[in-house]
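Text of query.txt (compact mmCIF, C-alpha atoms) as supplied:
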```
# COMPACT_ATOMS: atom_id res chain seq x y z
CA MET A 1 157.91 122.37 128.47
CA SER A 2 157.13 119.03 129.99
CA SER A 3 153.98 120.35 131.58
CA ARG A 4 151.88 120.01 128.47
CA ARG A 5 149.86 117.18 129.90
CA SER A 6 150.07 116.89 133.59
CA ARG A 7 148.78 113.94 135.48
CA GLN A 8 146.88 116.22 137.70
CA SER A 9 144.81 117.82 134.98
CA SER A 10 143.83 114.51 133.44
CA SER A 11 142.77 112.86 136.67
CA SER A 12 141.22 115.48 138.87
CA GLY A 13 140.23 118.00 136.26
CA SER A 14 140.85 120.99 138.47
CA SER A 15 143.89 122.50 140.06
CA ARG A 16 142.19 122.60 143.42
CA ILE A 17 143.58 120.02 145.76
CA SER A 18 142.06 119.46 149.13
CA ASP A 19 143.97 119.15 152.35
CA ASP A 20 142.95 115.51 152.49
CA GLN A 21 144.73 114.83 149.25
CA ILE A 22 147.85 116.53 150.51
CA ILE A 23 147.73 114.48 153.68
CA GLU A 24 147.32 111.35 151.63
CA LEU A 25 150.30 112.26 149.45
CA ILE A 26 152.38 113.04 152.51
CA SER A 27 151.56 109.74 154.15
CA LYS A 28 152.39 107.91 150.92
CA LEU A 29 155.71 109.70 150.83
CA ARG A 30 156.29 108.80 154.47
CA GLN A 31 156.35 105.10 153.71
CA PHE A 32 159.54 105.60 151.76
CA LEU A 33 161.49 107.40 154.43
CA PRO A 34 163.54 105.03 156.55
CA GLU A 35 163.95 107.57 159.33
CA ILE A 36 160.24 107.98 159.87
CA ARG A 37 158.82 104.73 158.57
CA ASP A 38 160.42 102.61 161.26
CA ASN A 39 159.40 104.98 163.97
CA ARG A 40 156.03 103.43 164.72
CA ARG A 41 155.79 104.80 168.19
CA SER A 42 155.26 108.38 167.17
CA ASN A 43 152.57 108.05 164.62
CA LYS A 44 152.11 111.75 164.38
CA VAL A 45 154.87 113.25 162.29
CA SER A 46 154.56 116.78 161.06
CA ALA A 47 154.42 117.51 157.37
CA SER A 48 157.46 119.68 157.85
CA LYS A 49 159.39 116.73 159.22
CA VAL A 50 158.31 114.52 156.33
CA LEU A 51 159.48 117.14 153.85
CA GLN A 52 162.79 117.50 155.63
CA GLU A 53 163.36 113.77 155.69
CA THR A 54 162.38 113.49 152.04
CA CYS A 55 164.99 116.06 151.07
CA SER A 56 167.76 114.42 153.02
CA TYR A 57 166.79 110.98 151.80
CA ILE A 58 166.88 112.09 148.16
CA ARG A 59 170.28 113.66 148.79
CA ASN A 60 171.50 110.41 150.31
CA LEU A 61 170.28 108.48 147.32
CA HIS A 62 171.93 110.95 144.95
CA ARG A 63 175.17 110.53 146.83
CA GLU A 64 174.87 106.76 146.64
CA VAL A 65 174.28 106.92 142.91
CA ASP A 66 177.30 109.21 142.57
CA ASP A 67 179.49 106.80 144.50
CA LEU A 68 178.22 103.85 142.52
CA SER A 69 178.83 105.72 139.28
CA GLU A 70 182.39 106.38 140.30
CA ARG A 71 182.81 102.75 141.24
CA LEU A 72 181.29 101.47 138.04
CA SER A 73 183.44 103.79 135.95
CA GLN A 74 186.51 102.42 137.68
CA LEU A 75 185.32 98.87 137.18
CA LEU A 76 184.55 99.48 133.52
CA SER A 77 187.94 101.00 132.88
CA THR A 78 189.70 97.94 134.28
CA ILE A 79 187.77 95.50 132.13
CA ASP A 80 189.36 94.39 128.92
CA ALA A 81 187.35 93.06 126.07
CA ASP A 82 188.26 89.40 126.48
CA SER A 83 187.60 89.11 130.20
CA PRO A 84 184.66 87.19 131.69
CA GLU A 85 183.23 90.50 132.93
CA ALA A 86 183.04 91.80 129.41
CA ALA A 87 181.21 88.62 128.48
CA ILE A 88 178.72 89.31 131.26
CA ILE A 89 178.11 92.78 129.89
CA ARG A 90 177.67 91.48 126.37
CA SER A 91 175.17 88.89 127.52
CA LEU A 92 173.24 91.53 129.45
CA ILE A 93 173.07 93.78 126.43
CA GLN A 94 171.64 91.01 124.32
CA GLN A 95 168.82 90.35 126.78
CA MET B 96 146.41 124.14 99.24
CA MET B 97 146.23 120.42 98.90
CA SER B 98 142.93 120.27 100.69
CA SER B 99 141.33 122.64 98.23
CA LEU B 100 142.23 120.29 95.39
CA VAL B 101 141.15 117.08 97.02
CA ALA B 102 139.01 118.29 99.81
CA ASN B 103 137.19 115.14 100.71
CA PRO B 104 139.93 112.54 100.98
CA VAL B 105 142.14 114.80 103.01
CA ALA B 106 139.35 115.78 105.31
CA SER B 107 138.26 112.23 105.89
CA SER B 108 141.77 111.01 106.47
CA ASP B 109 142.25 113.88 108.84
CA ARG B 110 139.17 112.90 110.68
CA SER B 111 140.18 109.28 110.97
CA ARG B 112 143.59 110.28 112.16
CA ASP B 113 141.93 112.54 114.65
CA SER B 114 139.72 109.82 116.03
CA ARG B 115 142.68 107.51 116.20
CA ARG B 116 144.47 110.12 118.20
CA LYS B 117 141.49 110.43 120.47
CA LYS B 118 141.46 106.69 121.00
CA LYS B 119 145.12 106.83 121.85
CA LYS B 120 144.43 109.56 124.33
CA LYS B 121 141.64 107.54 125.85
CA ALA B 122 143.95 104.57 126.20
CA GLN B 123 146.50 106.75 127.88
CA VAL B 124 143.97 108.08 130.28
CA GLN B 125 142.84 104.57 131.04
CA SER B 126 146.33 103.38 131.73
CA ARG B 127 146.75 106.36 133.99
CA ALA B 128 143.62 105.39 135.83
CA GLN B 129 144.91 101.87 136.27
CA GLU B 130 148.14 103.27 137.55
CA SER B 131 146.36 105.31 140.13
CA THR B 132 144.54 102.28 141.48
CA GLN B 133 147.83 100.45 141.55
CA PRO B 134 150.31 103.16 142.45
CA SER B 135 153.04 103.94 139.95
CA TYR B 136 155.80 103.80 142.51
CA ALA B 137 154.94 100.20 143.36
CA LYS B 138 156.35 98.98 140.09
CA TRP B 139 159.82 100.23 141.02
CA LYS B 140 159.94 97.59 143.71
CA SER B 141 159.40 94.74 141.30
CA GLU B 142 162.19 92.44 140.28
CA SER B 143 161.30 92.68 136.59
CA GLN B 144 161.55 96.46 136.63
CA GLN B 145 165.03 96.23 138.06
CA GLN B 146 165.89 93.73 135.35
CA ILE B 147 164.65 96.13 132.69
CA TYR B 148 166.59 98.97 134.21
CA SER B 149 169.76 96.91 134.53
CA SER B 150 169.82 96.04 130.86
CA LYS B 151 169.09 99.66 129.91
CA LEU B 152 171.86 100.75 132.24
CA VAL B 153 174.36 98.32 130.78
CA GLN B 154 173.39 99.45 127.31
CA ALA B 155 173.89 103.07 128.24
CA LEU B 156 177.22 102.26 129.88
CA SER B 157 178.47 100.42 126.85
CA GLN B 158 177.69 103.53 124.82
CA VAL B 159 179.66 105.60 127.28
CA ARG B 160 182.60 103.30 126.71
CA LEU B 161 182.20 103.41 122.95
CA GLY B 162 181.98 107.19 123.08
CA ASP B 163 185.48 107.71 124.32
CA MET B 164 187.49 104.58 123.99
CA ALA B 165 190.74 106.39 124.64
CA ALA B 166 189.79 107.98 127.94
CA PRO B 167 188.28 105.79 130.63
CA PRO B 168 184.68 106.73 131.41
CA ARG B 169 184.45 109.21 134.18
CA GLY B 170 182.07 108.92 137.07
CA ARG B 171 179.95 111.77 135.79
CA ALA B 172 179.46 110.17 132.42
CA VAL B 173 178.37 106.99 134.14
CA ARG B 174 176.05 108.97 136.37
CA GLU B 175 174.45 110.67 133.39
CA ALA B 176 174.06 107.37 131.60
CA ALA B 177 172.51 105.82 134.70
CA ASP B 178 170.02 108.67 135.05
CA ARG B 179 169.14 108.57 131.40
CA ALA B 180 168.51 104.85 131.65
CA LEU B 181 166.33 105.47 134.69
CA ALA B 182 164.29 108.03 132.79
CA TYR B 183 163.86 105.60 129.91
CA ALA B 184 162.75 102.91 132.32
CA ALA B 185 160.10 105.33 133.60
CA LYS B 186 158.88 105.61 130.01
CA GLY B 187 158.38 109.32 130.37
CA ARG B 188 155.25 108.85 132.42
CA THR B 189 156.49 111.10 135.16
CA ARG B 190 157.56 114.69 135.11
CA TRP B 191 160.96 113.94 136.62
CA SER B 192 161.82 111.41 133.93
CA ARG B 193 160.84 113.80 131.13
CA ALA B 194 162.91 116.50 132.80
CA ILE B 195 165.96 114.25 132.86
CA LEU B 196 165.58 113.46 129.18
CA THR B 197 165.09 117.08 128.09
CA ASN B 198 167.97 118.21 130.27
CA ARG B 199 170.23 115.70 128.61
CA ILE B 200 169.29 116.93 125.17
CA LYS B 201 170.05 120.48 126.20
CA LEU B 202 173.27 119.44 127.87
CA SER B 203 174.57 117.40 124.98
CA ARG B 204 173.94 120.29 122.64
CA PHE B 205 176.14 122.61 124.66
CA ARG B 206 178.34 120.08 126.32
CA LYS B 207 181.62 121.12 124.76
CA GLN B 208 181.28 124.79 125.52
CA ARG B 209 179.58 124.46 128.85
CA ARG B 210 181.11 121.49 130.52
CA GLN B 211 182.07 123.62 133.47
CA ARG B 212 178.61 125.07 133.84
CA SER B 213 176.80 121.78 133.55
CA ALA B 214 179.12 120.41 136.19
CA SER B 215 178.19 123.17 138.54
CA ALA B 216 174.53 122.65 137.72
CA MET B 217 174.95 119.00 138.61
CA ALA B 218 176.58 119.97 141.85
CA ALA B 219 173.66 122.21 142.63
CA LEU B 220 171.31 119.32 141.96
CA THR B 221 173.13 116.85 144.10
CA GLY B 222 174.42 118.67 147.08
CA SER B 223 175.32 122.28 147.18
CA SER B 224 171.78 123.41 147.91
CA ARG B 225 172.34 121.73 151.25
CA SER B 226 174.75 124.45 152.21
CA LYS B 227 172.22 127.17 151.59
CA LYS B 228 169.30 125.63 153.37
CA PRO B 229 170.12 125.61 157.06
CA ARG B 230 171.00 129.29 157.10
CA VAL B 231 167.56 130.18 155.84
CA SER B 232 165.51 127.74 157.88
CA VAL B 233 167.15 128.76 161.16
CA HIS B 234 165.74 132.23 160.71
CA ARG B 235 162.38 131.06 159.54
CA LEU B 236 161.74 128.31 162.04
CA LYS B 237 161.48 130.87 164.80
CA GLY B 238 158.61 132.55 163.08
CA LYS B 239 155.48 130.95 161.79
CA SER B 240 155.71 127.35 160.65
CA LEU B 241 154.20 128.03 157.25
CA PRO B 242 157.19 129.80 155.68
CA ALA B 243 159.46 127.02 156.96
CA VAL B 244 157.30 124.42 155.29
CA GLN B 245 157.24 126.44 152.11
CA LYS B 246 161.02 126.64 152.13
CA LYS B 247 161.22 122.89 152.46
CA VAL B 248 158.79 122.43 149.62
CA LYS B 249 161.01 124.67 147.52
CA VAL B 250 164.10 122.69 148.39
CA LEU B 251 162.30 119.46 147.59
CA GLY B 252 161.12 120.89 144.31
CA ARG B 253 164.71 121.56 143.38
CA LEU B 254 165.79 118.04 144.28
CA VAL B 255 163.24 116.33 142.06
CA PRO B 256 164.04 116.93 138.38
CA GLY B 257 161.52 119.10 136.60
CA CYS B 258 159.65 120.09 139.75
CA ARG B 259 161.31 123.37 140.51
CA LYS B 260 158.20 125.38 139.81
CA GLU B 261 155.47 122.85 140.40
CA PRO B 262 152.69 123.09 142.98
CA LEU B 263 152.93 121.07 146.17
CA PRO B 264 150.74 118.09 145.19
CA VAL B 265 152.75 117.54 142.02
CA ILE B 266 156.02 117.74 143.92
CA LEU B 267 154.82 115.25 146.50
CA ASP B 268 153.53 112.88 143.87
CA GLU B 269 156.68 113.08 141.80
CA ALA B 270 158.96 112.81 144.81
CA THR B 271 157.28 109.58 145.87
CA ASP B 272 157.82 108.03 142.46
CA TYR B 273 161.31 109.48 142.15
CA ILE B 274 162.44 108.06 145.49
CA ALA B 275 161.19 104.62 144.57
CA ALA B 276 163.00 104.87 141.24
CA LEU B 277 166.21 106.02 142.91
CA GLU B 278 166.07 103.14 145.35
CA MET B 279 165.76 100.75 142.45
CA GLN B 280 168.62 102.52 140.67
CA VAL B 281 170.85 102.06 143.70
CA ARG B 282 169.91 98.36 143.93
CA ALA B 283 170.57 97.77 140.25
CA MET B 284 173.85 99.67 140.19
CA SER B 285 175.24 97.94 143.25
CA ALA B 286 174.18 94.59 141.81
CA LEU B 287 176.05 95.43 138.62
CA ALA B 288 179.08 96.58 140.58
CA ARG B 289 179.06 93.33 142.52
CA LEU B 290 178.73 91.40 139.30
CA LEU B 291 181.68 93.17 137.75
CA SER B 292 183.94 93.17 140.78
CA GLY B 293 182.96 89.79 142.12
CA ASP B 294 184.03 86.26 141.40
CA GLY B 295 187.01 85.25 139.33
CA SER B 296 188.68 88.57 138.78
CA SER B 297 192.23 88.83 140.03
CA SER B 298 192.75 92.44 139.09
CA SER B 299 194.34 94.32 141.94
CA SER B 300 192.53 97.59 141.30
CA VAL B 301 189.21 95.81 141.65
CA SER B 302 190.04 94.25 144.99
CA GLU B 303 191.11 97.61 146.37
CA LEU B 304 187.63 99.00 145.98
CA PRO B 305 185.44 99.01 149.05
CA PRO B 306 182.49 96.63 149.13
CA SER B 307 179.17 98.15 148.21
CA GLY B 308 177.14 99.27 151.19
```

As structure tokens, how would this structure be written, given the file I've shared?
Amino acid sequence: MSSRRSRQSSSSGSSRISDDQIIELISKLRQFLPEIRDNRRSNKVSASKVLQETCSYIRNLHREVDDLSERLSQLLSTIDADSPEAAIIRSLIQQ
Amino acid sequence: MMSSLVANPVASSDRSRDSRRKKKKKAQVQSRAQESTQPSYAKWKSESQQQIYSSKLVQALSQVRLGDMAAPPRGRAVREAADRALAYAAKGRTRWSRAILTNRIKLSRFRKQRRQRSASAMAALTGSSRSKKPRVSVHRLKGKSLPAVQKKVKVLGRLVPGCRKEPLPVILDEATDYIAALEMQVRAMSALARLLSGDGSSSSSVSELPPSG
């Protein structure tokens, strides 16, 4: 459904992706993973490890967003319309 | 039918519309090209992007509140609003953001009947796949490394919205952007939580909450 116009087809023109491109994508992904990124000593990390860390990192982030959602919902339910917090929200909406 | 009556004007207007569309396409391709020289995930780190997201988030949250004034907004509703805002902030340029938006449309259509099912789907997205994974990979890791990698790719594809059936390069590309977006989402949401719980409020329920990590 959302695959009507993929980035891949517009930029590379073919579905063939070389190993180099995969390696490049993996190393890009690596920069985001705290577990691996800070580990400068072992520069050689397997693709499998990168994938594993990516999965667990995304899960961690999902969990954080869940917790924050819960927290925000509690915060929002305690706010009444005349409080300074409500004024903050109103001013943010008008931005 | 119309075109047979006034063939020329319709045809010409069609053509001009067509060329306009082509121009639009060209512009899109160009902006894509610019993005690829300056990676798309870089923008998620910028302060302005977080600002944009924060205001979208607050807007979405205020709609959650308006939606059911009687009942306090639940965490899930906030989560959905936050994800929707994130997808809007991505402007539908990425597969994951389009997937979030289309999922929401589907969900809202069947929400009343299928609240239970959507909840379980959400659980599958966020965590329950974790319980399935180790069992499989323990068996596979002993064999060749390729199936193990493929399993991980599959798991990753399920974690990134809209990438369940995508090839590896797409998953990797989308995951990179998605992670950067999630990091920004966490920053923005904790900033908002700090803002709302912070100075001046003497409400006891607020002070009971743990500080954001």

Atomic separation - CA of Leu291 (chain B) relative to CA of Ile58 (chain A), Å:
26.2 Å

Spatial neighbours of region 65-72 of chain A, max dist 9 Å, only C-alpha atoms, sep filter under 2 positions, as a PyMOL selection string
(chain A and resi 60-63+74-77) or (chain B and resi 169-175+177+221+277+280-281+284-285+287-288+291+304+307)

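Proximity ranking of A:Thr54, A:Ser46, A:Ser18, A:Ser73 relative to Gln31 (chain A) places A:Thr54 first, based on only C-alpha atoms.
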
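A straight line drawn from CA of Ser56 (chain A) to CA of Ala194 (chain B) is 20.9 Å long.
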
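What separates CA of Leu152 (chain B) from CA of Ala176 (chain B) is a distance of 7.0 Å.
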
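Closest approach to Cys55 (chain A) among B:Thr271, B:Thr197, B:Ser143, B:Ser135: B:Thr271, based on only C-alpha atoms.
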
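Taking all atoms listed in the file into account, Lys49 (chain A) lies nearest to B:Val248 out of the set B:Ala137, B:Ala180, B:Val248, B:Val153.
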
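Candidate residues B:Lys186, B:Lys247, B:Arg253, B:Lys140 were compared for distance to chain A, and the nearest is B:Lys247, using all atoms listed in the file.
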
Within 12 Å of Cys258 (chain B) using only C-alpha atoms, minus same-chain residues under 6 positions, as a ChimeraX atom specification:
/A:1-3,6 /B:189-195,220,248-252,264-270,273
